[in-house]
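Visitor: File target30.cif follows (mmCIF, C-alpha atoms and all ligand atoms):
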```cif
data_model
#
loop_
_atom_site.label_atom_id
_atom_site.label_comp_id
_atom_site.auth_asym_id
_atom_site.auth_seq_id
_atom_site.Cartn_x
_atom_site.Cartn_y
_atom_site.Cartn_z
CA MET A 1 94.45 17.66 99.27
CA LYS A 2 90.91 18.45 98.06
CA PRO A 3 90.61 19.09 94.28
CA ALA A 4 89.53 22.70 94.91
CA ALA A 5 92.64 23.26 97.02
CA ASP A 6 94.74 21.84 94.22
CA LYS A 7 93.39 24.38 91.74
CA ILE A 8 93.75 27.27 94.20
CA ALA A 9 97.36 26.30 94.97
CA ALA A 10 98.14 26.28 91.23
CA LEU A 11 96.76 29.83 90.86
CA LEU A 12 98.73 31.03 93.87
CA GLN A 13 101.93 29.48 92.56
CA SER A 14 101.60 30.62 88.95
CA PRO A 15 104.30 33.13 87.94
CA GLU A 16 102.12 34.40 85.02
CA GLU A 17 101.19 38.08 85.35
CA GLU A 18 98.02 37.34 83.46
CA VAL A 19 96.83 35.09 86.30
CA LEU A 20 97.28 37.89 88.83
CA ILE A 21 95.57 40.50 86.63
CA ASN A 22 92.67 38.17 85.92
CA LEU A 23 92.17 37.43 89.63
CA LEU A 24 92.28 41.12 90.55
CA ASN A 25 89.78 42.06 87.82
CA ARG A 26 87.38 39.31 88.85
CA ALA A 27 87.71 40.20 92.56
CA GLN A 28 86.96 43.87 91.84
CA GLN A 29 83.92 42.99 89.82
CA CYS A 30 82.73 40.54 92.48
CA ARG A 31 83.10 43.16 95.20
CA ARG A 32 81.26 45.81 93.15
CA GLU A 33 78.37 43.43 92.47
CA ASN A 34 78.02 42.16 96.02
CA ILE A 35 79.02 44.94 98.39
CA GLY A 36 79.66 47.98 96.15
CA ASN A 37 82.72 50.21 96.15
CA THR A 38 82.32 51.65 99.65
CA VAL A 39 85.31 51.44 101.98
CA TYR A 40 84.71 51.52 105.74
CA LEU A 41 87.07 52.63 108.49
CA ARG A 42 88.08 50.92 111.72
CA GLY A 43 90.12 53.28 113.88
CA LEU A 44 92.76 51.03 115.44
CA ILE A 45 93.66 51.75 119.07
CA GLU A 46 96.55 49.54 120.17
CA PHE A 47 95.94 50.23 123.84
CA SER A 48 98.65 47.94 125.27
CA ASN A 49 101.67 46.06 123.98
CA TYR A 50 101.98 43.80 127.01
CA CYS A 51 101.63 40.12 126.19
CA ASP A 52 101.91 36.94 128.27
CA LEU A 53 102.60 34.75 125.25
CA ASN A 54 105.63 34.01 123.13
CA CYS A 55 104.45 33.52 119.54
CA LEU A 56 107.66 32.84 117.63
CA TYR A 57 107.03 35.47 114.93
CA CYS A 58 105.83 38.42 117.01
CA GLY A 59 107.78 41.41 118.27
CA LEU A 60 105.38 41.82 121.21
CA ARG A 61 106.25 38.37 122.59
CA LYS A 62 106.83 38.32 126.32
CA ASN A 63 110.51 37.47 126.01
CA ASN A 64 111.32 40.38 123.71
CA TYR A 65 113.04 42.79 126.09
CA GLN A 66 114.04 45.17 123.29
CA ILE A 67 110.75 47.11 123.23
CA SER A 68 109.33 49.50 125.81
CA ARG A 69 106.04 48.28 127.16
CA TYR A 70 103.14 50.73 127.41
CA HIS A 71 99.51 50.68 128.45
CA LEU A 72 97.17 53.55 127.66
CA THR A 73 94.89 54.80 130.42
CA LEU A 74 91.12 54.57 130.14
CA GLU A 75 91.00 58.35 129.73
CA GLN A 76 93.47 58.18 126.83
CA VAL A 77 91.42 55.50 125.08
CA VAL A 78 88.20 57.47 125.48
CA ASP A 79 89.87 60.71 124.32
CA ILE A 80 91.14 58.96 121.18
CA ALA A 81 87.66 57.54 120.60
CA ARG A 82 86.04 60.98 120.96
CA GLN A 83 88.49 62.55 118.54
CA ALA A 84 88.02 59.69 116.09
CA TYR A 85 84.26 60.23 116.22
CA GLN A 86 84.71 63.92 115.40
CA ASN A 87 86.89 62.98 112.44
CA GLY A 88 84.25 60.70 110.89
CA PHE A 89 85.12 57.30 112.32
CA HIS A 90 82.11 55.23 113.27
CA SER A 91 83.89 52.03 114.22
CA LEU A 92 86.91 51.39 116.39
CA ALA A 93 89.09 48.33 116.86
CA LEU A 94 90.66 47.88 120.30
CA GLN A 95 93.74 45.68 120.16
CA SER A 96 96.41 44.44 122.59
CA GLY A 97 98.60 41.48 123.36
CA GLN A 98 97.20 38.52 125.29
CA VAL A 99 96.94 39.31 128.99
CA ASN A 100 94.87 37.10 131.22
CA THR A 101 94.60 39.06 134.46
CA SER A 102 91.21 40.05 135.81
CA ALA A 103 92.43 43.66 136.02
CA GLU A 104 93.14 43.65 132.28
CA PHE A 105 89.78 42.14 131.48
CA ARG A 106 88.14 44.83 133.64
CA PHE A 107 90.06 47.49 131.72
CA ILE A 108 88.79 46.21 128.37
CA LEU A 109 85.24 46.00 129.69
CA ASP A 110 85.43 49.53 131.10
CA ALA A 111 86.80 50.82 127.79
CA VAL A 112 83.95 49.23 125.81
CA LYS A 113 81.34 50.62 128.21
CA ALA A 114 82.86 54.11 128.28
CA ILE A 115 83.06 54.31 124.48
CA LYS A 116 79.48 53.08 124.08
CA ASP A 117 78.27 55.47 126.82
CA PHE A 118 79.60 58.67 125.33
CA SER A 119 79.02 57.78 121.69
CA SER A 120 75.40 56.71 122.14
CA GLN A 121 74.62 60.30 123.17
CA GLU A 122 75.98 61.59 119.85
CA VAL A 123 73.75 62.61 116.98
CA ASN A 124 75.20 60.00 114.59
CA GLY A 125 74.66 57.10 117.01
CA SER A 126 77.14 54.98 118.91
CA LEU A 127 80.53 53.79 117.75
CA GLY A 128 80.79 50.19 116.58
CA ILE A 129 83.45 48.25 118.48
CA THR A 130 85.68 45.46 117.22
CA LEU A 131 87.86 43.70 119.77
CA SER A 132 91.12 41.89 119.14
CA VAL A 133 92.47 40.90 122.54
CA GLY A 134 93.10 37.20 122.09
CA GLU A 135 91.78 33.99 123.61
CA LEU A 136 89.26 34.55 126.41
CA SER A 137 86.69 32.37 128.14
CA TYR A 138 83.14 32.02 126.79
CA GLN A 139 81.82 34.06 129.70
CA GLN A 140 84.36 36.85 129.14
CA TYR A 141 83.44 37.09 125.44
CA LYS A 142 79.78 37.17 126.45
CA THR A 143 80.32 39.92 129.02
CA LEU A 144 82.11 42.06 126.43
CA TRP A 145 79.33 41.42 123.92
CA GLU A 146 76.72 42.48 126.45
CA ALA A 147 78.72 45.65 127.10
CA GLY A 148 78.43 46.56 123.41
CA ALA A 149 81.37 45.03 121.51
CA HIS A 150 79.95 43.33 118.44
CA ARG A 151 82.84 42.26 116.22
CA TYR A 152 85.84 40.15 117.18
CA LEU A 153 89.07 39.41 115.33
CA LEU A 154 90.99 36.30 116.31
CA ARG A 155 93.55 35.28 113.74
CA ILE A 156 94.52 31.64 113.48
CA GLU A 157 97.68 32.62 111.49
CA THR A 158 97.50 29.27 109.65
CA SER A 159 94.81 26.60 109.37
CA ASP A 160 97.49 23.90 109.34
CA PRO A 161 97.83 22.53 112.91
CA VAL A 162 101.38 21.30 112.22
CA LEU A 163 102.54 24.71 111.00
CA PHE A 164 100.63 26.33 113.87
CA ASN A 165 102.67 24.27 116.32
CA ARG A 166 105.89 25.27 114.58
CA ILE A 167 105.24 28.99 115.00
CA HIS A 168 103.81 28.89 118.52
CA PRO A 169 105.25 27.62 121.81
CA SER A 170 103.92 24.31 123.05
CA GLY A 171 101.45 25.88 125.51
CA GLN A 172 99.38 27.38 122.71
CA ARG A 173 96.85 25.06 121.12
CA PHE A 174 95.30 25.28 117.68
CA SER A 175 92.18 23.59 119.05
CA LYS A 176 91.79 26.36 121.65
CA ARG A 177 91.74 28.96 118.88
CA LEU A 178 88.99 27.03 117.10
CA GLU A 179 87.01 26.76 120.34
CA CYS A 180 87.26 30.53 120.77
CA LEU A 181 86.04 31.14 117.21
CA ASP A 182 83.08 28.83 117.92
CA SER A 183 82.27 30.67 121.15
CA LEU A 184 82.34 34.05 119.43
CA LYS A 185 79.97 32.88 116.72
CA ASP A 186 77.66 31.26 119.25
CA ILE A 187 77.41 34.46 121.28
CA GLY A 188 76.49 36.47 118.20
CA TYR A 189 79.65 38.38 117.27
CA GLN A 190 80.61 39.16 113.72
CA VAL A 191 83.62 36.87 113.64
CA GLY A 192 86.86 37.61 111.88
CA THR A 193 90.01 35.60 111.49
CA GLY A 194 93.01 35.48 109.19
CA VAL A 195 96.46 34.21 108.40
CA MET A 196 99.97 35.37 107.61
CA ILE A 197 101.30 34.70 104.14
CA GLY A 198 104.88 33.67 103.50
CA LEU A 199 105.72 32.08 106.85
CA PRO A 200 108.75 29.77 107.05
CA GLY A 201 107.54 26.25 106.33
CA GLN A 202 104.29 27.44 104.70
CA THR A 203 103.40 26.09 101.27
CA TYR A 204 100.98 27.16 98.52
CA GLU A 205 98.92 24.07 99.33
CA SER A 206 98.65 25.16 102.95
CA LEU A 207 97.47 28.63 101.86
CA ALA A 208 94.86 27.07 99.59
CA GLU A 209 93.59 25.08 102.57
CA ASP A 210 93.43 28.32 104.59
CA LEU A 211 90.96 29.77 102.08
CA LEU A 212 88.79 26.68 102.21
CA PHE A 213 88.96 26.77 106.01
CA PHE A 214 87.56 30.33 106.03
CA GLU A 215 84.78 29.31 103.68
CA GLU A 216 83.89 26.21 105.71
CA ARG A 217 83.86 28.20 108.94
CA ASP A 218 81.50 30.73 107.31
CA ILE A 219 83.46 33.69 108.67
CA ASP A 220 82.18 37.26 108.51
CA MET A 221 85.46 39.16 108.36
CA LEU A 222 88.94 38.44 107.11
CA GLY A 223 92.35 39.96 107.76
CA MET A 224 95.36 38.58 105.91
CA GLY A 225 98.78 40.09 105.55
CA PRO A 226 102.22 39.13 104.33
CA TYR A 227 104.56 37.75 106.97
CA ILE A 228 107.10 40.46 107.73
CA ILE A 229 110.11 39.38 109.75
CA HIS A 230 110.72 40.90 113.16
CA PRO A 231 114.47 40.56 113.73
CA GLY A 232 114.08 40.09 117.50
CA THR A 233 112.08 36.86 117.18
CA PRO A 234 113.03 33.17 116.98
CA LEU A 235 111.21 32.73 113.64
CA ALA A 236 113.53 35.32 112.04
CA LYS A 237 116.33 32.73 112.32
CA ILE A 238 114.49 30.12 110.28
CA ASP A 239 115.20 30.33 106.60
CA GLU A 240 112.86 27.83 105.00
CA TYR A 241 110.70 29.68 102.51
CA TYR A 242 108.47 28.13 99.87
CA ILE A 243 106.34 31.20 99.01
CA ASN A 244 108.20 33.22 96.39
CA ASP A 245 106.62 36.64 96.74
CA PRO A 246 104.52 37.23 99.88
CA TYR A 247 103.19 40.55 98.52
CA ILE A 248 101.84 39.16 95.25
CA THR A 249 100.69 35.98 96.99
CA THR A 250 98.76 38.07 99.54
CA LEU A 251 97.00 39.94 96.73
CA LYS A 252 96.07 36.63 95.10
CA MET A 253 94.86 35.23 98.42
CA MET A 254 92.66 38.30 98.92
CA ALA A 255 91.24 38.13 95.40
CA LEU A 256 90.46 34.43 95.81
CA ALA A 257 88.91 35.08 99.23
CA ARG A 258 86.64 37.71 97.71
CA LEU A 259 85.58 35.30 94.97
CA LEU A 260 84.91 32.49 97.46
CA MET A 261 83.17 34.72 100.03
CA PRO A 262 81.61 37.62 98.07
CA ASP A 263 79.94 39.49 100.94
CA ILE A 264 82.43 39.26 103.83
CA ASN A 265 84.33 42.28 105.13
CA MET A 266 88.01 42.10 104.23
CA VAL A 267 90.75 44.43 105.38
CA ALA A 268 93.60 45.91 103.36
CA SER A 269 96.05 45.23 106.20
CA THR A 270 98.77 47.53 107.48
CA ALA A 271 101.26 44.74 106.78
CA LEU A 272 100.24 44.83 103.10
CA GLN A 273 100.76 48.60 103.11
CA THR A 274 104.11 48.17 104.86
CA ILE A 275 105.54 45.62 102.45
CA HIS A 276 104.71 47.71 99.36
CA PRO A 277 103.93 51.43 98.86
CA ALA A 278 100.96 50.52 96.61
CA GLY A 279 99.65 47.99 99.16
CA LEU A 280 96.45 49.89 100.00
CA THR A 281 95.46 50.57 96.40
CA MET A 282 96.25 47.03 95.35
CA GLY A 283 94.52 45.56 98.41
CA LEU A 284 91.34 47.42 97.43
CA LYS A 285 91.77 46.09 93.88
CA ALA A 286 92.01 42.61 95.34
CA GLY A 287 88.61 43.01 96.99
CA ALA A 288 89.25 44.65 100.37
CA ASN A 289 86.55 46.99 101.72
CA ILE A 290 87.96 47.82 105.16
CA VAL A 291 90.91 49.99 106.19
CA MET A 292 92.20 50.31 109.75
CA PRO A 293 94.01 53.61 110.27
CA VAL A 294 96.20 53.51 113.36
CA LEU A 295 95.00 55.92 116.07
CA THR A 296 97.52 54.84 118.73
CA PRO A 297 99.38 57.90 120.11
CA GLY A 298 102.52 58.80 118.15
CA GLU A 299 104.85 58.16 121.10
CA ASN A 300 103.61 54.55 121.46
CA ARG A 301 103.15 53.55 117.83
CA SER A 302 106.65 52.22 117.20
CA ASP A 303 106.44 50.05 120.34
CA TYR A 304 103.47 48.15 118.93
CA SER A 305 105.92 46.31 116.75
CA ILE A 306 104.41 42.95 115.89
CA TYR A 307 106.67 43.12 112.82
CA ALA A 308 109.44 45.48 111.74
CA ASN A 309 109.07 48.98 110.22
CA LYS A 310 105.28 49.17 110.34
CA VAL A 311 104.08 51.97 108.05
CA TYR A 312 101.92 54.80 109.38
CA LYS A 313 99.48 56.80 107.25
CA ASP A 314 97.11 59.47 108.54
CA LEU A 315 93.43 59.63 107.60
CA GLN A 316 94.02 62.30 104.96
CA LYS A 317 96.55 60.16 103.09
CA ILE A 318 94.36 57.07 103.41
CA SER A 319 91.32 59.00 102.15
CA GLN A 320 93.28 60.22 99.12
CA GLU A 321 94.43 56.73 98.24
CA ILE A 322 90.91 55.34 98.60
CA GLU A 323 89.40 58.05 96.39
CA GLN A 324 92.19 57.76 93.82
CA SER A 325 91.57 54.03 93.57
CA GLY A 326 87.99 54.75 92.42
CA ASN A 327 86.37 53.74 95.70
CA ARG A 328 84.20 55.74 98.09
CA LEU A 329 85.20 56.32 101.70
CA ALA A 330 82.24 56.09 104.10
CA LEU A 331 82.34 58.36 107.15
CA TRP A 332 80.11 57.89 110.23
CA GLN A 333 79.02 54.47 109.04
CA TRP A 334 79.54 51.18 110.85
CA GLY A 335 80.16 49.12 107.77
CA ASP A 336 79.08 45.80 109.25
CA SER A 337 79.68 42.57 107.40
CA ARG A 338 76.84 41.86 104.97
CA HIS A 339 77.70 38.21 105.27
CA TYR A 340 76.86 38.26 108.98
CA TYR A 341 73.31 39.40 108.30
CA ARG A 342 72.90 36.93 105.47
CA ARG A 343 74.04 33.98 107.59
CA LEU A 344 71.52 35.01 110.28
CA ASN A 345 68.77 35.56 107.70
CA LEU A 346 68.37 39.18 108.69
CA PRO A 347 67.95 42.25 106.50
CA TYR A 348 71.09 44.39 106.20
CA PRO A 349 70.40 47.54 108.24
CA ASP A 350 71.09 51.12 107.20
CA GLN A 351 74.73 51.50 108.30
CA SER A 352 74.46 55.19 109.16
CA SER A 353 71.72 54.80 111.76
CA LEU A 354 72.84 51.86 113.88
CA LEU A 355 72.56 52.56 117.56
CA SER A 356 73.33 49.17 119.05
CA HIS A 357 73.63 45.53 118.12
CA GLU A 358 70.25 44.26 119.24
CA VAL A 359 69.84 42.40 115.94
CA ALA A 360 71.44 39.20 117.11
CA ASP A 361 70.38 39.22 120.76
S1 LIG B 401 100.81 37.44 118.24
FE1 LIG B 401 99.51 38.25 119.86
S2 LIG B 401 99.52 36.67 121.43
FE2 LIG B 401 101.25 36.22 120.10
S3 LIG B 401 103.00 37.23 121.07
FE3 LIG B 401 102.13 38.67 119.59
S4 LIG B 401 100.71 39.93 120.73
FE4 LIG B 401 101.16 38.11 121.95
#
```
Please rewrite the model in this file as structure tokens.
Ligand code: SF4
Guide:
Amino acid sequence: MKPAADKIAALLQSPEEEVLINLLNRAQQCRRENIGNTVYLRGLIEFSNYCDLNCLYCGLRKNNYQISRYHLTLEQVVDIARQAYQNGFHSLALQSGQVNTSAEFRFILDAVKAIKDFSSQEVNGSLGITLSVGELSYQQYKTLWEAGAHRYLLRIETSDPVLFNRIHPSGQRFSKRLECLDSLKDIGYQVGTGVMIGLPGQTYESLAEDLLFFEERDIDMLGMGPYIIHPGTPLAKIDEYYINDPYITTLKMMALARLLMPDINMVASTALQTIHPAGLTMGLKAGANIVMPVLTPGENRSDYSIYANKVYKDLQKISQEIEQSGNRLALWQWGDSRHYYRRLNLPYPDQSSLLSHEVAD
């Protein structure tokens, strides 16, 4: 293990409250100095819970027959986007399981185009679009980029290839995920990734390596959450835990990520808010600057069950918690990653007047 990883692992493992408080204070200060106290929204539309894969930890896995499968129509997605726009959202995240049919790719492409079409006519400019629809080909990523998507989230779940193979079926390759991340960066996306914290078989050393992996890969966006068991999955049966407190460890991971990568965008994940009622407030303290309120229709929300008992908060509640934590919620602003512009040597544009993503063309 690299010396830096050694030190990080020791901080993660320390039971001292003082270590946690110190990390949170430093992360808050670092965030204030580098990206301010503004919090940006990504309205999350989980448009389909169909998935062709069988990740061992995920409730959406193909072989889980306990959930009802749904797929929103294009009209539903656009209606949600329109309503979100009226409510002050200026960025959306479209998410689904991994489906590799050409019809599904066409649906995603049509959704991106339709959202860009209507929103570019609006007075506040077009909606920013983040996609999180899994591993696609270079050409597919490029087509979606050309249609107007400009951020992409593809979590690696762990940077340890051995652990990756333990939590995924043999058909899924760690190297493929890395190839996809490379493609996304090459095309010009703001690239996000992330890991779960507290997985069976995961160690503090492995988490420390995850942080160094993000830094080495020069990522623009980060999403990390505690591993929450889904009882209908094979991983739920494995009881081999080395991480004592996934909630506290997640907060430490976030604080350390902020210190290592001061100007990236980092989300206070729904999993963090699910595992603890103070998850959002504490996530912001740990350096997060992005929140992703779920906009999926009420009747479908519980079927997007990657993990159990996912919490739901409306925009009003989220706004209150953001304001109470001493941060400022930004409405009708894209909130792009400052790191992205810095790595491309470009000036950071005014986030309230972005019309498209020509910057990196
Ligand atoms: S993690 Fe993603 S790809 Fe894996 S089973 Fe769940 S939805 Fe499918």
Visitor: Please work out which residues fall within 12 Å of (92.1, 27.8, 103.3), coordinates as given in the file, with all atoms listed in the file counting, and return them as a ChimeraX atom specification.
Guide: /A:1-2,4-6,8-9,12,156-160,193-197,203-219,222,224,253-254,256-257,260-261
Visitor: Between A:Ala93, A:Ile228, A:Ile290, A:Leu60, which has the minimum distance to ligand LIG 401 (chain B) (counting all atoms listed in the file)?
Guide: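 Checking each of A:Ala93, A:Ile228, A:Ile290, A:Leu60 against ligand LIG 401 (chain B), counting all atoms listed in the file, the winner is A:Leu60.
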Visitor: Output as lines of an AutoDock Vina configuration file the centre and edge lengths (Å, one decimal) of the box along x, y and z of the file that holds every listed atom of ligand LIG 401 (chain B) after adding 8 Å on each side.
Guide:
```
center_x = 101.3
center_y = 38.1
center_z = 120.1
size_x = 19.5
size_y = 19.7
size_z = 19.7
```
Visitor: Work out how far atom CA of Tyr340 of chain A is from atom CA of Ile322 of chain A, in Å to one decimal.
Guide: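 Separation between atom CA of Ile322 of chain A and atom CA of Tyr340 of chain A: 24.4 Å.
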Visitor: For the atom pair atom CA of Asp52 of chain A and atom S4 of ligand LIG 401 (chain B), what is the interatomic distance in Å to one decimal place?
Guide: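 Distance between the two atoms: 8.2 Å.
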Visitor: With the cut-off set at 6 Å and counting all atoms listed in the file, tabulate each residue of chain A with an atom at most that distance from an atom of ligand LIG 401 (chain B), showing the nearest atom pair and its distance in Å to one decimal, ordered by chain and increasing number, as a Markdown table.
Guide:
```
| residue | atom | partner | partner_atom | distance |
| --- | --- | --- | --- | --- |
| A:Cys51 | CA | B:LIG401 | FE4 | 4.7 |
| A:Leu53 | CA | B:LIG401 | S3 | 4.9 |
| A:Asn54 | CA | B:LIG401 | S3 | 4.6 |
| A:Cys55 | CA | B:LIG401 | FE2 | 4.2 |
| A:Cys58 | CA | B:LIG401 | FE3 | 4.5 |
| A:Leu60 | CA | B:LIG401 | FE3 | 4.8 |
| A:Arg61 | CA | B:LIG401 | S3 | 3.8 |
| A:Gly97 | CA | B:LIG401 | S4 | 3.7 |
| A:Gln98 | CA | B:LIG401 | S2 | 4.9 |
```
Visitor: By how many Å are atom CA of Lys237 of chain A and atom CA of Gly201 of chain A apart?
Guide: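 Distance between the two atoms: 12.5 Å.
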Visitor: Within 12 Å of (75.4, 53.5, 116.3), all atoms listed in the file: residues as JSON, numbers by chain?
Guide: {"A": [85, 89, 90, 91, 92, 115, 116, 117, 118, 119, 120, 121, 122, 123, 124, 125, 126, 127, 128, 129, 148, 149, 150, 332, 333, 334, 335, 336, 349, 350, 351, 352, 353, 354, 355, 356, 357, 358]}
Visitor: When distances are computed from only C-alpha atoms, which of A:Leu154, A:Leu44, A:Ala114, A:Leu280 shows the smallest separation from Pro293 of chain A?
Guide: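 So, comparing all the options, the nearest one is A:Leu44.
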